[in-house]
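Participant: So that we are looking at the same thing, I have put the structure below in C-alpha coordinates.
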Amino acid sequence: MEVIEDLENLRNTVISIEESIGKRVIGSRRIVRFMFIALLTGNHLLMEGVPGLAKTMLANEFARHTKMKFRRIQFTPDMLPSDVTGTIMFNIESRKMEFKEGPIFANVVLADEINRTPPKVQSALLEAMEETQVTIGGETHSLPKPFFVIATQNPIEQEGTFPLAEALMDRFLFRYYLEYPSREDELSILNSIGKYEDPSLVLMPDEIIEFRSQVDNVYIADEIKQYLVDLMRRTRENDLVYLGASPRTTAKYMKAARANALISGRSYVIPEDITFMAFEILNHRLILKPEAIMDETDDPKLIVKRIIDRVLSEVPVPK
(Lines give C-alpha, C1' and ligand atoms only; values in the text may rest on other atoms or scores of the structure.)
Protein backbone atom coordinates (compact mmCIF):
# COMPACT_ATOMS: atom_id res chain seq x y z
CA MET A 1 0.00 0.00 0.00
CA GLU A 2 1.22 3.49 -0.78
CA VAL A 3 1.64 5.67 2.28
CA ILE A 4 -0.13 8.72 0.79
CA GLU A 5 -3.14 6.63 -0.15
CA ASP A 6 -3.22 5.16 3.36
CA LEU A 7 -3.12 8.61 4.95
CA GLU A 8 -5.97 9.86 2.79
CA ASN A 9 -8.06 6.80 3.60
CA LEU A 10 -7.36 7.22 7.31
CA ARG A 11 -8.27 10.90 7.22
CA ASN A 12 -11.55 10.28 5.37
CA THR A 13 -12.48 7.37 7.65
CA VAL A 14 -11.79 9.34 10.84
CA ILE A 15 -13.80 12.33 9.59
CA SER A 16 -16.67 10.02 8.68
CA ILE A 17 -16.57 8.36 12.11
CA GLU A 18 -16.42 11.72 13.89
CA GLU A 19 -19.50 12.85 11.96
CA SER A 20 -21.34 9.56 12.51
CA ILE A 21 -20.71 9.51 16.27
CA GLY A 22 -21.56 13.21 16.36
CA LYS A 23 -25.07 12.39 15.17
CA ARG A 24 -25.59 10.09 18.15
CA VAL A 25 -23.58 12.03 20.73
CA ILE A 26 -24.06 15.69 19.87
CA GLY A 27 -20.96 17.86 20.22
CA SER A 28 -18.52 14.96 20.49
CA ARG A 29 -16.26 15.52 17.47
CA ARG A 30 -13.36 17.01 19.43
CA ILE A 31 -13.22 14.27 22.04
CA VAL A 32 -13.53 11.57 19.36
CA ARG A 33 -10.39 13.01 17.76
CA PHE A 34 -8.59 12.70 21.10
CA MET A 35 -9.81 9.10 21.38
CA PHE A 36 -8.22 8.30 18.02
CA ILE A 37 -4.95 9.98 19.00
CA ALA A 38 -4.80 8.03 22.27
CA LEU A 39 -5.69 4.78 20.50
CA LEU A 40 -3.04 5.19 17.77
CA THR A 41 -0.33 5.98 20.33
CA GLY A 42 -1.16 3.09 22.67
CA ASN A 43 -2.40 5.44 25.38
CA HIS A 44 -5.66 6.00 27.25
CA LEU A 45 -8.17 8.77 27.94
CA LEU A 46 -9.86 10.11 31.09
CA MET A 47 -13.26 11.83 30.80
CA GLU A 48 -14.45 14.03 33.63
CA GLY A 49 -18.04 15.24 33.81
CA VAL A 50 -21.28 15.06 35.76
CA PRO A 51 -23.68 12.14 35.17
CA GLY A 52 -25.91 12.30 32.13
CA LEU A 53 -23.44 13.62 29.55
CA ALA A 54 -23.46 10.39 27.49
CA LYS A 55 -20.01 9.17 28.51
CA THR A 56 -21.01 5.50 28.29
CA MET A 57 -22.74 6.00 24.94
CA LEU A 58 -19.68 7.81 23.61
CA ALA A 59 -17.34 4.95 24.53
CA ASN A 60 -19.78 2.37 23.16
CA GLU A 61 -20.18 4.24 19.87
CA PHE A 62 -16.41 4.54 19.49
CA ALA A 63 -16.02 0.79 19.92
CA ARG A 64 -18.88 0.16 17.47
CA HIS A 65 -17.25 2.35 14.81
CA THR A 66 -13.90 0.61 15.23
CA LYS A 67 -15.35 -2.92 15.39
CA MET A 68 -13.66 -3.58 18.70
CA LYS A 69 -14.90 -5.63 21.64
CA PHE A 70 -16.37 -3.33 24.32
CA ARG A 71 -16.69 -3.91 28.06
CA ARG A 72 -17.92 -1.55 30.78
CA ILE A 73 -16.65 -1.90 34.35
CA GLN A 74 -18.58 -0.06 37.07
CA PHE A 75 -16.05 0.61 39.80
CA THR A 76 -17.18 0.47 43.44
CA PRO A 77 -15.39 0.70 46.81
CA ASP A 78 -15.84 -3.02 47.57
CA MET A 79 -14.15 -4.29 44.39
CA LEU A 80 -11.13 -6.57 44.39
CA PRO A 81 -8.40 -6.65 41.71
CA SER A 82 -9.69 -10.05 40.56
CA ASP A 83 -13.06 -8.44 39.77
CA VAL A 84 -11.24 -6.56 37.01
CA THR A 85 -8.39 -8.79 35.88
CA GLY A 86 -9.91 -12.24 36.42
CA THR A 87 -9.12 -15.09 38.79
CA ILE A 88 -7.98 -18.71 38.96
CA MET A 89 -10.84 -21.14 39.58
CA PHE A 90 -11.11 -24.90 39.99
CA ASN A 91 -12.83 -26.63 37.07
CA ILE A 92 -14.80 -29.56 38.45
CA GLU A 93 -15.04 -31.31 35.07
CA SER A 94 -11.36 -31.15 34.19
CA ARG A 95 -10.29 -31.21 37.85
CA LYS A 96 -7.73 -28.50 37.09
CA MET A 97 -7.17 -24.91 38.13
CA GLU A 98 -8.06 -22.63 35.21
CA PHE A 99 -7.81 -18.91 34.61
CA LYS A 100 -11.13 -17.13 34.12
CA GLU A 101 -10.75 -13.83 32.29
CA GLY A 102 -12.08 -10.64 33.88
CA PRO A 103 -13.84 -7.77 32.07
CA ILE A 104 -10.48 -6.12 31.36
CA PHE A 105 -10.05 -8.59 28.48
CA ALA A 106 -11.55 -6.41 25.75
CA ASN A 107 -10.30 -3.95 23.17
CA VAL A 108 -12.16 -0.93 24.53
CA VAL A 109 -12.74 -0.88 28.29
CA LEU A 110 -14.90 1.78 29.92
CA ALA A 111 -13.63 2.21 33.49
CA ASP A 112 -16.68 3.96 34.90
CA GLU A 113 -16.10 6.14 37.98
CA ILE A 114 -12.54 4.90 38.31
CA ASN A 115 -11.93 7.01 41.43
CA ARG A 116 -14.55 4.99 43.38
CA THR A 117 -12.30 1.95 43.61
CA PRO A 118 -9.48 1.52 46.17
CA PRO A 119 -5.77 1.88 45.32
CA LYS A 120 -5.22 -1.89 45.16
CA VAL A 121 -7.66 -2.17 42.23
CA GLN A 122 -6.23 0.95 40.62
CA SER A 123 -2.79 -0.69 40.82
CA ALA A 124 -4.06 -3.75 38.94
CA LEU A 125 -5.45 -1.46 36.27
CA LEU A 126 -2.09 0.32 36.06
CA GLU A 127 -0.31 -2.84 34.88
CA ALA A 128 -2.98 -3.46 32.27
CA MET A 129 -2.76 0.09 30.91
CA GLU A 130 1.03 0.28 30.83
CA GLU A 131 2.03 -3.27 29.92
CA THR A 132 -1.17 -4.50 28.16
CA GLN A 133 -1.06 -7.56 30.39
CA VAL A 134 -2.24 -8.80 33.77
CA THR A 135 -0.42 -11.04 36.23
CA ILE A 136 -2.50 -13.62 38.13
CA GLY A 137 -0.96 -16.25 40.40
CA GLY A 138 2.49 -15.55 39.01
CA GLU A 139 1.36 -16.07 35.41
CA THR A 140 1.19 -13.28 32.84
CA HIS A 141 -1.79 -13.02 30.50
CA SER A 142 -1.67 -10.71 27.47
CA LEU A 143 -4.62 -8.43 26.77
CA PRO A 144 -6.24 -8.13 23.34
CA LYS A 145 -4.70 -5.77 20.81
CA PRO A 146 -5.44 -2.99 20.35
CA PHE A 147 -6.23 -2.20 23.99
CA PHE A 148 -7.75 1.14 24.99
CA VAL A 149 -9.07 2.31 28.37
CA ILE A 150 -11.61 5.13 28.56
CA ALA A 151 -12.05 6.10 32.21
CA THR A 152 -14.60 8.46 33.78
CA GLN A 153 -14.71 10.56 36.91
CA ASN A 154 -17.56 12.49 38.52
CA PRO A 155 -16.14 15.88 39.63
CA ILE A 156 -19.04 16.62 41.99
CA GLU A 157 -19.42 13.63 44.32
CA GLN A 158 -16.21 13.13 46.33
CA GLU A 159 -17.57 11.10 49.27
CA GLY A 160 -16.33 7.52 49.20
CA THR A 161 -13.80 8.17 46.43
CA PHE A 162 -10.08 7.43 46.18
CA PRO A 163 -8.02 10.09 44.35
CA LEU A 164 -6.05 8.60 41.48
CA ALA A 165 -2.35 8.16 42.14
CA GLU A 166 -0.05 10.38 40.09
CA ALA A 167 1.42 7.30 38.38
CA LEU A 168 -2.03 6.25 37.19
CA MET A 169 -3.03 9.77 36.14
CA ASP A 170 0.11 9.96 34.03
CA ARG A 171 -0.97 6.86 32.09
CA PHE A 172 -3.85 8.86 30.66
CA LEU A 173 -2.63 10.79 27.66
CA PHE A 174 -5.59 13.19 27.91
CA ARG A 175 -7.97 14.37 30.58
CA TYR A 176 -11.03 15.73 28.81
CA TYR A 177 -13.61 17.83 30.64
CA LEU A 178 -17.15 17.26 29.41
CA GLU A 179 -19.40 20.30 29.76
CA TYR A 180 -23.14 20.77 29.51
CA PRO A 181 -24.27 21.12 25.86
CA SER A 182 -25.35 24.44 24.42
CA ARG A 183 -29.05 25.16 23.96
CA GLU A 184 -28.84 24.30 20.25
CA ASP A 185 -26.99 21.05 20.95
CA GLU A 186 -29.53 20.05 23.61
CA LEU A 187 -32.35 20.57 21.10
CA SER A 188 -30.41 18.46 18.60
CA ILE A 189 -30.14 15.71 21.25
CA LEU A 190 -33.93 15.63 21.56
CA ASN A 191 -34.33 15.48 17.77
CA SER A 192 -31.82 12.61 17.48
CA ILE A 193 -33.61 10.33 19.95
CA GLY A 194 -34.85 7.18 18.25
CA LYS A 195 -32.70 7.69 15.16
CA TYR A 196 -30.12 4.96 14.64
CA GLU A 197 -27.91 4.38 11.62
CA ASP A 198 -25.24 1.81 10.92
CA PRO A 199 -21.86 3.49 10.37
CA SER A 200 -21.01 3.95 6.70
CA LEU A 201 -17.27 3.70 7.37
CA VAL A 202 -15.45 1.85 10.13
CA LEU A 203 -11.84 1.35 11.14
CA MET A 204 -11.00 -2.32 11.66
CA PRO A 205 -8.71 -3.46 14.51
CA ASP A 206 -6.03 -4.73 12.11
CA GLU A 207 -6.06 -1.35 10.34
CA ILE A 208 -5.60 0.39 13.70
CA ILE A 209 -2.56 -1.78 14.44
CA GLU A 210 -1.15 -1.00 10.98
CA PHE A 211 -1.56 2.76 11.41
CA ARG A 212 -0.04 2.53 14.89
CA SER A 213 3.15 1.26 13.28
CA GLN A 214 3.25 4.34 11.03
CA VAL A 215 2.99 6.97 13.78
CA ASP A 216 6.72 7.06 14.54
CA ASN A 217 7.46 7.50 10.81
CA VAL A 218 5.71 10.89 10.72
CA TYR A 219 8.36 13.57 10.20
CA ILE A 220 8.85 16.22 12.87
CA ALA A 221 11.32 19.03 12.20
CA ASP A 222 14.01 20.00 14.72
CA GLU A 223 12.42 23.44 15.09
CA ILE A 224 9.14 21.88 16.22
CA LYS A 225 10.95 19.52 18.60
CA GLN A 226 12.68 22.55 20.12
CA TYR A 227 9.33 24.35 20.35
CA LEU A 228 7.81 21.41 22.21
CA VAL A 229 10.76 21.18 24.62
CA ASP A 230 10.59 24.93 25.30
CA LEU A 231 6.88 24.64 26.10
CA MET A 232 7.46 21.80 28.54
CA ARG A 233 10.36 23.57 30.23
CA ARG A 234 8.30 26.74 30.59
CA THR A 235 5.65 24.82 32.56
CA ARG A 236 8.36 24.01 35.13
CA GLU A 237 9.38 27.67 35.44
CA ASN A 238 5.93 29.11 36.24
CA ASP A 239 5.69 30.67 39.72
CA LEU A 240 2.33 28.99 40.42
CA VAL A 241 3.39 25.48 39.39
CA TYR A 242 4.97 23.12 41.94
CA LEU A 243 5.65 20.35 39.40
CA GLY A 244 5.58 20.90 35.65
CA ALA A 245 5.48 18.50 32.72
CA SER A 246 8.02 15.67 32.90
CA PRO A 247 10.36 14.50 30.10
CA ARG A 248 8.05 11.48 29.71
CA THR A 249 5.23 13.92 28.98
CA THR A 250 7.42 15.55 26.32
CA ALA A 251 7.95 12.18 24.61
CA LYS A 252 4.25 11.29 24.78
CA TYR A 253 3.33 14.76 23.51
CA MET A 254 5.57 14.36 20.44
CA LYS A 255 4.00 10.99 19.63
CA ALA A 256 0.50 12.44 20.06
CA ALA A 257 1.38 15.29 17.68
CA ARG A 258 2.59 12.75 15.13
CA ALA A 259 -0.64 10.80 15.49
CA ASN A 260 -2.73 13.93 14.96
CA ALA A 261 -0.74 14.70 11.81
CA LEU A 262 -1.34 11.14 10.57
CA ILE A 263 -5.08 11.40 11.26
CA SER A 264 -5.13 14.75 9.46
CA GLY A 265 -3.69 13.12 6.35
CA ARG A 266 -0.17 14.54 6.70
CA SER A 267 3.19 12.80 6.91
CA TYR A 268 4.73 15.71 8.87
CA VAL A 269 3.97 17.63 12.07
CA ILE A 270 3.02 21.32 12.13
CA PRO A 271 2.87 23.60 15.21
CA GLU A 272 -0.94 23.37 15.28
CA ASP A 273 -0.63 19.65 16.04
CA ILE A 274 0.95 20.69 19.34
CA THR A 275 -1.17 23.71 20.30
CA PHE A 276 -4.39 21.85 19.39
CA MET A 277 -4.11 19.49 22.38
CA ALA A 278 -2.11 21.54 24.90
CA PHE A 279 -4.82 21.84 27.57
CA GLU A 280 -6.06 18.25 27.38
CA ILE A 281 -2.56 16.76 27.59
CA LEU A 282 -1.22 19.08 30.32
CA ASN A 283 -4.14 19.89 32.65
CA HIS A 284 -3.65 16.78 34.82
CA ARG A 285 0.14 16.92 34.76
CA LEU A 286 0.70 20.37 36.27
CA ILE A 287 0.63 20.33 40.08
CA LEU A 288 -0.16 23.78 41.48
CA LYS A 289 1.42 25.42 44.50
CA PRO A 290 -0.97 26.12 47.40
CA GLU A 291 -0.73 29.87 46.78
CA ALA A 292 -2.03 29.36 43.23
CA ILE A 293 -5.51 28.95 44.67
CA MET A 294 -5.96 32.18 46.61
CA ASP A 295 -9.65 31.74 47.25
CA GLU A 296 -11.81 28.67 47.93
CA THR A 297 -14.08 29.72 45.09
CA ASP A 298 -11.26 29.57 42.55
CA ASP A 299 -11.65 26.76 40.02
CA PRO A 300 -8.31 24.89 39.74
CA LYS A 301 -9.24 23.88 36.19
CA LEU A 302 -9.49 27.53 35.11
CA ILE A 303 -6.25 28.40 36.89
CA VAL A 304 -4.43 25.61 35.04
CA LYS A 305 -5.98 26.75 31.75
CA ARG A 306 -4.70 30.30 32.31
CA ILE A 307 -1.22 28.94 33.05
CA ILE A 308 -1.21 26.79 29.88
CA ASP A 309 -2.50 29.72 27.79
CA ARG A 310 0.26 31.89 29.23
CA VAL A 311 2.92 29.28 28.40
CA LEU A 312 1.63 29.07 24.82
CA SER A 313 1.74 32.84 24.47
CA GLU A 314 5.27 33.16 25.86
CA VAL A 315 7.00 30.61 23.65
CA PRO A 316 7.46 31.74 20.02
CA VAL A 317 5.80 29.48 17.45
CA PRO A 318 8.22 28.26 14.76
CA LYS A 319 7.46 29.44 11.22
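Letters for chains follow the order of the C-alpha coordinates (A, B, ...), residue numbers begin at 1 for each chain, and ligand numbers begin at 1 in the order shown.
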Just want the 8 Å neighbourhood of region 219-230 of chain A, counted on only C-alpha atoms, with same-chain residues fewer than 5 positions away dropped. Output as an MDAnalysis selection string.
Facilitator: chainID A and resid 250 254 258 267:271 274 315:318
Participant: Excluding Val218 (chain A) and any residue of its chain fewer than 4 positions from it, enumerate the residues within 12 Å of it, using only C-alpha atoms, and give them as JSON, numbers by chain.
Facilitator: {"A": [3, 4, 7, 211, 212, 213, 214, 254, 255, 256, 257, 258, 259, 260, 261, 262, 263, 264, 265, 266, 267, 268, 269, 270]}
Participant: With only C-alpha atoms as the counted atoms, please give the residues lying no more than 12 Å from region 89-103 of chain A, apart from itself and same-chain residues fewer than 4 positions off, as a ChimeraX atom specification.
Facilitator: /A:69-75,80-85,107-111,124-125,128,133-144,149
Participant: Which is closer to Ile156 (chain A) than all the others in A:Val50, A:Val121, A:Ile281, A:Ile31, using only C-alpha atoms?
Facilitator: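 The closest residue to Ile156 (chain A) is A:Val50.
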Participant: Can you tell me how far CA of Ala278 (chain A) sits from CA of Pro146 (chain A), in Å to one decimal?
Facilitator: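 So the two atoms, CA of Ala278 (chain A) and CA of Pro146 (chain A), lie 25.2 Å apart.
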Participant: Write out as a list in words which residues come within 10 Å of Met79 (chain A) when counting only C-alpha atoms, dropping same-chain ones fewer than 6 positions away.
Facilitator: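 Returned residues: Arg116, Thr117, Pro118, Lys120 and Val121 of chain A.
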Participant: Write the selection just made, keeping N, CA and C atoms, as a PDB file, in the first residue's frame?
Facilitator:
ATOM      1  N   ARG A 116     -13.754   5.595  42.307  1.00  0.00           N
ATOM      2  CA  ARG A 116     -14.550   4.988  43.380  1.00  0.00           C
ATOM      3  C   ARG A 116     -13.972   3.647  43.846  1.00  0.00           C
ATOM      4  N   THR A 117     -12.893   3.239  43.232  1.00  0.00           N
ATOM      5  CA  THR A 117     -12.297   1.954  43.607  1.00  0.00           C
ATOM      6  C   THR A 117     -11.000   2.180  44.385  1.00  0.00           C
ATOM      7  N   PRO A 118     -10.664   1.297  45.328  1.00  0.00           N
ATOM      8  CA  PRO A 118      -9.477   1.523  46.173  1.00  0.00           C
ATOM      9  C   PRO A 118      -8.164   1.387  45.407  1.00  0.00           C
ATOM     10  N   LYS A 120      -5.658  -0.561  45.566  1.00  0.00           N
ATOM     11  CA  LYS A 120      -5.217  -1.894  45.164  1.00  0.00           C
ATOM     12  C   LYS A 120      -5.780  -2.263  43.792  1.00  0.00           C
ATOM     13  N   VAL A 121      -7.043  -1.901  43.536  1.00  0.00           N
ATOM     14  CA  VAL A 121      -7.663  -2.174  42.233  1.00  0.00           C
ATOM     15  C   VAL A 121      -7.070  -1.250  41.178  1.00  0.00           C
TER      16      VAL A 121
END
Participant: I want to know what sits within 12 Å of region 9-17 of chain A, based on only C-alpha atoms, with residues of the same chain fewer than 5 positions away left out; could you give that as a ChimeraX atom specification?
Facilitator: /A:1-4,22-25,28-30,32-37,40,58,61-67,198-204,207-208,210-212,214,259-267
Participant: Could you pull the residues within 9 Å of Arg233 (chain A), counting only C-alpha atoms, minus those fewer than 5 positions along the same chain, as a PyMOL selection string?
Facilitator: chain A and resi 228+244-246
Participant: Tell me which of A:Phe105, A:Glu19, A:Ala54, A:Gly27 sits closest to Leu187 (chain A), counting only C-alpha atoms.
Facilitator: A:Gly27
